[in-house]
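K.L.:
Input start_15.txt, format and content: compact mmCIF, C-alpha atoms.
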```
# COMPACT_ATOMS: atom_id res chain seq x y z
CA MET L 27 -162.83 224.01 297.83
CA SER L 28 -161.22 225.73 294.90
CA LEU L 29 -157.81 227.39 295.21
CA GLY L 30 -157.86 229.60 292.17
CA TRP L 31 -155.41 232.27 291.14
CA ARG L 32 -157.39 234.93 292.89
CA SER L 33 -157.20 233.15 296.27
CA LEU L 34 -153.37 232.87 296.04
CA THR L 35 -152.89 236.58 295.38
CA THR L 36 -155.38 237.83 297.92
CA PRO L 37 -153.51 238.74 301.11
CA LEU L 38 -154.47 236.88 304.22
CA PRO L 39 -155.56 238.99 307.18
CA GLY L 40 -152.44 240.33 308.97
CA SER L 41 -150.06 239.08 306.25
CA ASP L 42 -148.82 242.61 305.52
CA ILE L 43 -147.62 242.83 309.15
CA LEU L 44 -145.92 239.44 308.92
CA PHE L 45 -144.25 240.52 305.68
CA ALA L 46 -143.01 243.76 307.28
CA VAL L 47 -141.62 241.85 310.28
CA LEU L 48 -139.89 239.40 307.94
CA ILE L 49 -138.34 242.24 305.91
CA GLN L 50 -137.25 243.99 309.11
CA LYS L 51 -135.54 240.84 310.44
CA MET L 52 -133.83 240.21 307.10
CA CYS L 53 -132.55 243.80 306.99
CA ALA L 54 -131.31 243.60 310.58
CA HIS L 55 -129.49 240.34 309.79
CA LEU L 56 -127.92 241.79 306.65
CA LEU L 57 -126.86 245.00 308.42
CA ASP L 58 -125.36 243.00 311.29
CA GLY L 59 -123.32 240.92 308.85
CA LEU L 60 -122.26 244.02 306.94
CA SER L 61 -121.17 245.80 310.13
CA ARG L 62 -119.04 242.80 311.16
CA ALA L 63 -117.45 242.64 307.71
CA LEU L 64 -116.73 246.38 307.75
CA GLU L 65 -115.25 246.10 311.25
CA ARG L 66 -112.89 243.33 310.10
CA GLY L 67 -112.00 245.32 307.01
CA SER L 68 -111.34 248.40 309.12
CA ARG L 69 -109.00 246.40 311.39
CA LEU L 70 -107.22 244.98 308.36
CA LEU L 71 -106.71 248.46 306.89
CA PHE L 72 -105.56 249.78 310.28
CA PHE L 73 -102.89 247.08 310.63
CA ALA L 74 -101.85 247.51 306.99
CA SER L 75 -101.37 251.24 307.59
CA ILE L 76 -99.29 250.52 310.70
CA GLY L 77 -97.13 248.14 308.70
CA MET L 78 -96.45 250.86 306.15
CA THR L 79 -95.79 253.67 308.63
CA PRO L 80 -92.19 254.55 309.52
CA HIS L 81 -91.17 253.65 313.08
CA ALA L 82 -90.60 257.29 314.07
CA GLU L 83 -94.13 258.21 313.01
CA LEU L 84 -95.58 255.27 314.96
CA ARG L 85 -93.81 256.53 318.06
CA ALA L 86 -95.14 260.05 317.48
CA ARG L 87 -98.66 258.59 317.20
CA VAL L 88 -98.23 256.76 320.51
CA VAL L 89 -97.26 260.00 322.21
CA ARG L 90 -100.20 261.90 320.68
CA ARG L 91 -102.61 259.07 321.57
CA TRP L 92 -101.67 258.89 325.26
CA GLU L 93 -100.51 262.45 325.99
CA HIS L 94 -103.67 263.48 327.83
CA PHE L 95 -104.71 260.08 329.15
CA GLY L 96 -105.01 259.85 332.93
CA ALA L 97 -104.27 263.54 333.35
CA GLY L 98 -106.76 264.30 336.10
CA PRO L 99 -106.38 263.61 339.82
CA ALA L 100 -109.25 261.09 339.79
CA GLU L 101 -107.54 259.01 337.08
CA ILE L 102 -104.15 259.22 338.78
CA ASP L 103 -105.67 258.12 342.10
CA SER L 104 -107.89 255.41 340.58
CA GLY L 105 -105.29 252.72 341.24
CA TRP L 106 -105.31 249.19 339.95
CA LEU L 107 -108.16 247.72 337.99
CA PRO L 108 -109.83 244.72 339.68
CA TRP L 109 -107.99 242.19 337.52
CA GLU L 110 -104.69 243.97 338.29
CA GLN L 111 -105.44 243.78 342.02
CA THR L 112 -105.91 240.03 341.63
CA LEU L 113 -102.56 239.72 339.86
CA VAL L 114 -100.79 241.74 342.55
CA GLN L 115 -102.33 239.69 345.36
CA ARG L 116 -101.40 236.39 343.70
CA PHE L 117 -97.93 237.11 342.35
CA VAL L 118 -96.28 240.19 343.89
CA ARG L 119 -94.38 239.68 347.13
CA GLN L 120 -94.13 242.42 349.75
CA ARG L 121 -90.64 243.78 348.96
CA ASP L 122 -90.38 242.97 345.24
CA ARG L 123 -88.51 245.46 343.06
CA ILE L 124 -90.87 246.47 340.26
CA LEU L 125 -90.38 247.91 336.77
CA ILE L 126 -93.50 249.44 335.25
CA VAL L 127 -93.42 249.80 331.47
CA GLY L 128 -95.83 252.52 330.38
CA CYS L 129 -96.17 253.97 333.88
CA GLY L 130 -98.03 257.04 332.63
CA SER L 131 -99.13 259.54 335.23
CA GLY L 132 -98.94 257.02 338.05
CA ARG L 133 -102.23 255.10 338.17
CA ASP L 134 -100.47 251.77 338.71
CA PHE L 135 -97.16 253.20 339.94
CA LEU L 136 -98.57 254.87 343.08
CA PRO L 137 -100.16 251.74 344.62
CA PHE L 138 -96.87 249.85 344.34
CA ALA L 139 -94.93 252.76 345.84
CA SER L 140 -97.46 253.13 348.67
CA ARG L 141 -97.01 249.42 349.51
CA GLY L 142 -93.30 250.06 350.04
CA HIS L 143 -91.97 248.57 346.81
CA GLU L 144 -88.92 249.98 345.07
CA VAL L 145 -90.59 251.06 341.83
CA CYS L 146 -89.08 252.21 338.54
CA GLY L 147 -91.30 253.49 335.77
CA VAL L 148 -90.65 254.10 332.08
CA ASP L 149 -92.92 256.09 329.81
CA PRO L 150 -92.33 257.90 326.51
CA ILE L 151 -94.58 260.84 327.40
CA GLY L 152 -92.89 263.67 329.27
CA LEU L 153 -96.17 265.19 330.52
CA SER L 154 -97.17 261.87 332.06
CA ILE L 155 -93.80 261.47 333.78
CA GLU L 156 -94.13 264.99 335.24
CA ARG L 157 -97.64 264.22 336.53
CA ALA L 158 -96.35 261.02 338.15
CA ARG L 159 -93.44 262.90 339.77
CA LYS L 160 -95.85 265.49 341.15
CA ALA L 161 -98.16 262.75 342.48
CA LEU L 162 -95.23 261.00 344.18
CA GLN L 163 -94.10 264.27 345.79
CA GLU L 164 -97.61 265.13 347.01
CA ARG L 165 -97.87 261.74 348.71
CA ALA L 166 -94.30 261.73 350.06
CA LEU L 167 -93.56 258.54 348.08
CA THR L 168 -90.42 257.65 346.19
CA GLY L 169 -89.69 255.99 342.90
CA THR L 170 -87.61 256.32 339.78
CA LEU L 171 -89.26 257.68 336.65
CA THR L 172 -87.58 257.63 333.23
CA LYS L 173 -88.85 259.29 330.07
CA GLY L 174 -88.39 257.14 326.99
CA PHE L 175 -89.53 254.11 325.10
CA ILE L 176 -88.64 250.89 326.90
CA GLU L 177 -86.67 249.65 323.91
CA ASP L 178 -84.37 252.70 324.17
CA VAL L 179 -83.81 253.25 327.88
CA GLU L 180 -81.12 251.53 329.88
CA ILE L 181 -82.54 249.27 332.56
CA GLN L 182 -80.69 249.62 335.86
CA GLY L 183 -80.42 246.51 337.99
CA GLU L 184 -82.66 243.50 338.27
CA PHE L 185 -86.39 243.39 338.92
CA ASP L 186 -88.60 240.84 340.60
CA VAL L 187 -91.66 242.03 338.67
CA ILE L 188 -91.90 243.57 335.22
CA TRP L 189 -95.33 245.13 334.89
CA PHE L 190 -96.59 246.20 331.46
CA SER L 191 -99.25 248.81 332.00
CA TRP L 192 -102.46 248.81 330.01
CA TYR L 193 -101.64 248.39 326.26
CA ALA L 194 -97.92 249.14 326.77
CA TYR L 195 -96.70 245.83 325.33
CA SER L 196 -98.71 246.35 322.14
CA TYR L 197 -96.83 249.60 321.51
CA ILE L 198 -93.54 247.77 321.10
CA PHE L 199 -93.77 247.37 317.35
CA GLY L 200 -92.71 244.06 315.83
CA SER L 201 -92.00 240.65 317.29
CA ARG L 202 -88.21 240.97 317.01
CA LEU L 203 -88.22 244.20 318.98
CA ARG L 204 -90.58 242.71 321.58
CA ARG L 205 -88.29 239.73 322.04
CA ALA L 206 -85.27 242.04 322.34
CA VAL L 207 -87.03 244.13 325.00
CA LEU L 208 -87.99 241.03 326.99
CA GLU L 209 -84.45 239.65 326.77
CA LYS L 210 -83.06 243.01 327.93
CA MET L 211 -85.26 242.96 331.02
CA VAL L 212 -84.42 239.47 332.29
```
Show the structure stored in the file as structure tokens.

P.N.:
Amino acid sequence: MSLGWRSLTTPLPGSDILFAVLIQKMCAHLLDGLSRALERGSRLLFFASIGMTPHAELRARVVRRWEHFGAGPAEIDSGWLPWEQTLVQRFVRQRDRILIVGCGSGRDFLPFASRGHEVCGVDPIGLSIERARKALQERALTGTLTKGFIEDVEIQGEFDVIWFSWYAYSYIFGSRLRRAVLEKMV
């Protein structure tokens, strides 16, 4: 049997489909790698921009980012996330005094107050604090709500539990400031 030049260049039956599938898989692999690289680059640029942004502007961005979060009654009443429920069941005793950093409109504040805890909440967003106050009033619950960034407000008394709400710890910019906040609370 002779394998001449002509036989090597003549496509085999179905080879055009195999070639198309191969090209498609290669393109998908390349695009996946490119998307991961762009995602990493995007994160790098994001953190670089944060590092170059004045502290006051970072705080203003935090307020703009969270101003309308959890504004509706369904969000306020949604309560703890499943993993938060697990934490509460394992570590929070019945009459613990609780400080909630980033208390927002009350999603995690209200369940603690309804369980009879003495609860204090701190949040930099005035609208959220007002929503939480209204929610407490509507449910005949009590608690102390303070508008401000945790690094600026004066903490009154001692707490058995210090609860950082969703993402709140990450909005304390810089490791020195985070350490100072933690030292202030203990």

K.L.:
In terms of the shortest atom-to-atom distance over all atoms listed in the file, which of L:Pro108, L:Gly130, L:Pro137, L:Gly142 is closest to L:Thr172?

P.N.:
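Using all atoms listed in the file, L:Thr172 sits closest to L:Gly130.
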
K.L.:
Which neighbours of stretch 159-171 of chain L fall inside 7 Å, counting only C-alpha atoms, when residues of the same chain fewer than 5 positions from it are skipped, and could you give them as a ChimeraX atom specification?

P.N.:
/L:139-140,144-148

K.L.:
Between atom CA of L:Asp122 and atom CA of L:Gly105, what is the spacing in Å?

P.N.:
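Spanning atom CA of L:Gly105 to atom CA of L:Asp122 is a straight-line distance of 18.3 Å.
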
K.L.:
One decimal, Å: what's the distance from atom CA of L:Arg116 over to atom CA of L:His143, could you say?

P.N.:
15.7 Å

K.L.:
Counting only C-alpha atoms, what is within 12 Å of L:Ser104, bar same-chain residues fewer than 6 positions away, as a list in words?

P.N.:
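Those residues are Gly96, Ala97, Gly98, Gln111, Ser131, Gly132, Arg133, Asp134, Phe135, Leu136 and Pro137 of chain L.
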
K.L.:
Given only C-alpha atoms as the basis, pick out the residue of L:Trp92, L:Phe138, L:Tyr193, L:Trp106 nearest to L:Pro150.

P.N.:
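Ranking L:Trp92, L:Phe138, L:Tyr193, L:Trp106 by distance to L:Pro150, first place goes to L:Trp92.
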
K.L.:
Calculate how many Å separate atom CA of L:Phe73 from atom CA of L:Phe175, rounding to one decimal.

P.N.:
20.9 Å

K.L.:
Put a box with edges along x, y and z around all the listed atoms of stretch 154-159 of chain L, pad it by 5 Å on each side, then give me its centre and sizes in Å, one decimal, as lines of an AutoDock Vina configuration file.

P.N.:
```
center_x = -95.5
center_y = 263.0
center_z = 335.9
size_x = 14.2
size_y = 14.0
size_z = 17.7
```

K.L.:
My list of candidates is L:Gly152, L:Gly183, L:Gly174, L:Gly59. Which is closest to L:Met211 when distances are computed with all atoms listed in the file?

P.N.:
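Smallest distance to L:Met211 is found for L:Gly183.
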
K.L.:
L:Ala194: which residues within 9 Å, counting all atoms listed in the file, same-chain residues fewer than 2 positions away excluded, as a list in words?

P.N.:
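Result of the neighbour search: Val127, Gly128, Cys129, Phe190, Ser191, Trp192, Ser196, Tyr197 and Ile198 of chain L.
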
K.L.:
As a PyMOL selection string, please: the residues near L:Glu93 (cut-off 8 Å, only C-alpha atoms, same-chain neighbours under 6 positions excluded).

P.N.:
chain L and resi 151+153-154

K.L.:
Store the residues picked out above in a file with C-alpha atoms, as a PDB file, in the coordinates of the input.

P.N.:
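After the write, result_12.pdb holds the following:
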```
ATOM      1  CA  ILE L 151     -94.580 260.840 327.400  1.00  0.00           C
ATOM      2  CA  LEU L 153     -96.170 265.190 330.520  1.00  0.00           C
ATOM      3  CA  SER L 154     -97.170 261.870 332.060  1.00  0.00           C
TER       4      SER L 154
END
```

K.L.:
Smallest atom-to-atom distance to L:Arg205: which of L:Glu184, L:Glu177, L:Ile102, L:His81, using all atoms listed in the file?

P.N.:
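When distances to L:Arg205 are compared using all atoms listed in the file, the smallest one comes from L:Glu177.
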
K.L.:
Looking at L:Leu56, L:Gly200, L:Asp178, L:Arg141, which one is nearest to L:Gln115, with distances taken over only C-alpha atoms?

P.N.:
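Closest to L:Gln115 of all the choices is L:Arg141.
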
K.L.:
For stretch 63-89 of chain L of the structure just presented, write N, CA, C and O atoms to a file, as a short mmCIF file (atom, residue, chain, number, x, y, z; two decimals), in the first residue's frame.

P.N.:
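Listed below is the output, result-v3.cif:
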```cif
data_model
loop_
_atom_site.label_atom_id
_atom_site.label_comp_id
_atom_site.auth_asym_id
_atom_site.auth_seq_id
_atom_site.Cartn_x
_atom_site.Cartn_y
_atom_site.Cartn_z
N ALA L 63 -6.83 35.19 34.03
CA ALA L 63 -5.74 36.18 34.09
C ALA L 63 -6.31 37.59 34.20
O ALA L 63 -5.82 38.41 34.99
N LEU L 64 -7.35 37.89 33.45
CA LEU L 64 -7.97 39.21 33.52
C LEU L 64 -8.63 39.44 34.88
O LEU L 64 -8.58 40.55 35.42
N GLU L 65 -9.22 38.40 35.44
CA GLU L 65 -9.82 38.51 36.77
C GLU L 65 -8.76 38.84 37.81
O GLU L 65 -8.94 39.73 38.65
N ARG L 66 -7.64 38.15 37.77
CA ARG L 66 -6.53 38.43 38.70
C ARG L 66 -6.00 39.84 38.49
O ARG L 66 -5.74 40.56 39.45
N GLY L 67 -5.85 40.23 37.24
CA GLY L 67 -5.38 41.58 36.94
C GLY L 67 -6.35 42.64 37.42
O GLY L 67 -5.95 43.67 37.96
N SER L 68 -7.63 42.37 37.26
CA SER L 68 -8.66 43.29 37.74
C SER L 68 -8.58 43.46 39.24
O SER L 68 -8.65 44.58 39.77
N ARG L 69 -8.42 42.33 39.97
CA ARG L 69 -8.29 42.39 41.43
C ARG L 69 -7.05 43.18 41.84
O ARG L 69 -7.08 43.99 42.74
N LEU L 70 -5.95 42.94 41.13
CA LEU L 70 -4.72 43.65 41.42
C LEU L 70 -4.91 45.16 41.23
O LEU L 70 -4.52 45.96 42.08
N LEU L 71 -5.53 45.55 40.12
CA LEU L 71 -5.78 46.97 39.87
C LEU L 71 -6.73 47.56 40.91
O LEU L 71 -6.56 48.70 41.35
N PHE L 72 -7.74 46.79 41.31
CA PHE L 72 -8.68 47.24 42.33
C PHE L 72 -7.96 47.55 43.64
O PHE L 72 -8.12 48.61 44.23
N PHE L 73 -7.13 46.60 44.09
CA PHE L 73 -6.41 46.80 45.35
C PHE L 73 -5.37 47.93 45.22
O PHE L 73 -5.14 48.67 46.17
N ALA L 74 -4.76 48.05 44.07
CA ALA L 74 -3.82 49.16 43.85
C ALA L 74 -4.54 50.49 43.94
O ALA L 74 -4.05 51.45 44.55
N SER L 75 -5.75 50.56 43.37
CA SER L 75 -6.51 51.82 43.43
C SER L 75 -6.92 52.14 44.86
O SER L 75 -6.89 53.30 45.28
N ILE L 76 -7.28 51.11 45.63
CA ILE L 76 -7.63 51.34 47.04
C ILE L 76 -6.42 51.88 47.79
O ILE L 76 -6.54 52.81 48.59
N GLY L 77 -5.26 51.30 47.53
CA GLY L 77 -4.04 51.74 48.20
C GLY L 77 -3.67 53.18 47.89
O GLY L 77 -2.97 53.82 48.66
N MET L 78 -4.14 53.69 46.78
CA MET L 78 -3.81 55.05 46.37
C MET L 78 -4.93 56.05 46.67
O MET L 78 -4.80 57.23 46.40
N THR L 79 -6.03 55.57 47.21
CA THR L 79 -7.18 56.43 47.48
C THR L 79 -7.12 56.97 48.90
O THR L 79 -6.88 56.21 49.84
N PRO L 80 -7.33 58.27 49.07
CA PRO L 80 -7.32 58.84 50.42
C PRO L 80 -8.39 58.19 51.31
O PRO L 80 -9.45 57.78 50.83
N HIS L 81 -8.08 58.09 52.59
CA HIS L 81 -8.95 57.42 53.56
C HIS L 81 -10.38 57.98 53.54
O HIS L 81 -11.35 57.23 53.59
N ALA L 82 -10.51 59.30 53.47
CA ALA L 82 -11.84 59.92 53.46
C ALA L 82 -12.66 59.47 52.25
O ALA L 82 -13.87 59.23 52.36
N GLU L 83 -12.01 59.33 51.11
CA GLU L 83 -12.72 58.88 49.91
C GLU L 83 -13.11 57.41 50.04
O GLU L 83 -14.19 57.01 49.60
N LEU L 84 -12.26 56.59 50.65
CA LEU L 84 -12.61 55.18 50.87
C LEU L 84 -13.87 55.09 51.74
O LEU L 84 -14.77 54.30 51.46
N ARG L 85 -13.93 55.90 52.77
CA ARG L 85 -15.10 55.90 53.64
C ARG L 85 -16.35 56.33 52.88
O ARG L 85 -17.42 55.74 53.05
N ALA L 86 -16.21 57.34 52.04
CA ALA L 86 -17.35 57.80 51.23
C ALA L 86 -17.82 56.69 50.29
O ALA L 86 -19.02 56.49 50.09
N ARG L 87 -16.88 55.92 49.75
CA ARG L 87 -17.24 54.79 48.88
C ARG L 87 -17.99 53.71 49.65
O ARG L 87 -18.93 53.10 49.13
N VAL L 88 -17.57 53.45 50.88
CA VAL L 88 -18.26 52.46 51.71
C VAL L 88 -19.71 52.88 51.90
O VAL L 88 -20.64 52.08 51.74
N VAL L 89 -19.91 54.14 52.23
CA VAL L 89 -21.27 54.64 52.45
C VAL L 89 -22.10 54.50 51.18
O VAL L 89 -23.23 54.00 51.20
#
```
